[in-house]
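Encoded as structure tokens, the structure appears first; notes follow it.
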Amino acid sequence: MTAVGVDLRRVYGAYPTGVTVVAGLVGGNPAGLAASSFVPVSLDPPLVSVCVAHTSTTWPLLRALPRIGISVLAAHQGHVGRRLGSREADRFAGVDWRSTPDGCVHIEDAAAWYDCSIERQFRSGDHDIVVFRVHALDAQAGVPPLIYHGGTFRDLAGGPIGERASAP
């Protein structure tokens, strides 16, 4: 990585983001990835987006699905963010999840969830910007989200949660 790339990671890390899991059923099994680039896009129509690295081996499996779930991880779910952000063969081992009849996978006890389909996908640098149409959604009242800031998962008060996180 170039010096500019190292500076970009450091400076991008100064901006706190939530942590999401983008997931669906592939051949009856959950497949998913962690993404800290989740952004609400539009109220009408209801649209959200995430950015996915071109190096992702999971995104090619997910992008062909008719429906994809997005879960906003709760502050107590740092272990889930680390697991889904890893290169482990079975990222869902030890993770509580549920699926919908249309194949969305949601993380149990997440702060919020979205049932989506892909609206558009744009190539942009070393990532794709994926815009999703929201078909259903819900949030748990009073459940704070997991925050990714400075290479570490944190709670809303800014305290670190567990060990250093791998970049989602």
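By order of appearance in the structure tokens: chains A, B, ..., then residues from 1 within every chain, and ligands from 1 in the order shown.
Residues lying within 12 Å of range 25-27 of chain A, counting only C-alpha atoms and ignoring same-chain neighbours fewer than 3 positions away, are Val22, Pro30, Ala31, Gly32, Thr58, Trp59, Pro60, Leu61, Leu62, Arg63, Ala64, Leu65, Pro66, Arg67, Ile68, Gly69, Phe92, Trp97, Arg98, Ser99, Thr100, Pro101, Asp102, Gly103, Cys104, Val105 and His106 of chain A.
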Between CA of Ala53 in chain A and CA of Val19 in chain A lies a distance of 15.4 Å
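Proximity ranking of A:Arg120, A:His79, A:His149, A:Arg133 relative to Pro40 in chain A places A:Arg133 first, based on only C-alpha atoms.
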For the structure I just gave you, how does DSSP split range 9-160 of chain A - specifically, which residues are helix (DSSP H, G or I)? Reply as number ranges by chain. A: 9-12, 59-62, 78-84
Selected residues written out, C-alpha atoms, as a PDB file, in the first residue's frame:
ATOM      1  CA  ARG A   9      -7.062   4.558   5.980  1.00  0.00           C
ATOM      2  CA  ARG A  10      -5.950   6.639   8.971  1.00  0.00           C
ATOM      3  CA  VAL A  11      -7.912   9.728   7.982  1.00  0.00           C
ATOM      4  CA  TYR A  12     -11.008   7.810   6.806  1.00  0.00           C
ATOM      5  CA  TRP A  59     -20.374 -10.167  -3.012  1.00  0.00           C
ATOM      6  CA  PRO A  60     -20.446 -12.164  -6.290  1.00  0.00           C
ATOM      7  CA  LEU A  61     -22.569 -14.761  -4.438  1.00  0.00           C
ATOM      8  CA  LEU A  62     -24.936 -12.168  -2.968  1.00  0.00           C
ATOM      9  CA  GLY A  78     -18.568  -6.554  18.130  1.00  0.00           C
ATOM     10  CA  HIS A  79     -17.838 -10.296  17.909  1.00  0.00           C
ATOM     11  CA  VAL A  80     -20.299 -10.542  14.997  1.00  0.00           C
ATOM     12  CA  GLY A  81     -18.626  -7.632  13.178  1.00  0.00           C
ATOM     13  CA  ARG A  82     -15.227  -9.275  13.602  1.00  0.00           C
ATOM     14  CA  ARG A  83     -16.544 -12.663  12.474  1.00  0.00           C
ATOM     15  CA  LEU A  84     -18.318 -11.341   9.374  1.00  0.00           C
TER      16      LEU A  84
END
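Note that the spacing between CA of Ser71 in chain A and CA of Ser124 in chain A amounts to 23.7 Å.
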What separates CA of His54 in chain A and CA of Asp128 in chain A is a distance of 6.8 Å
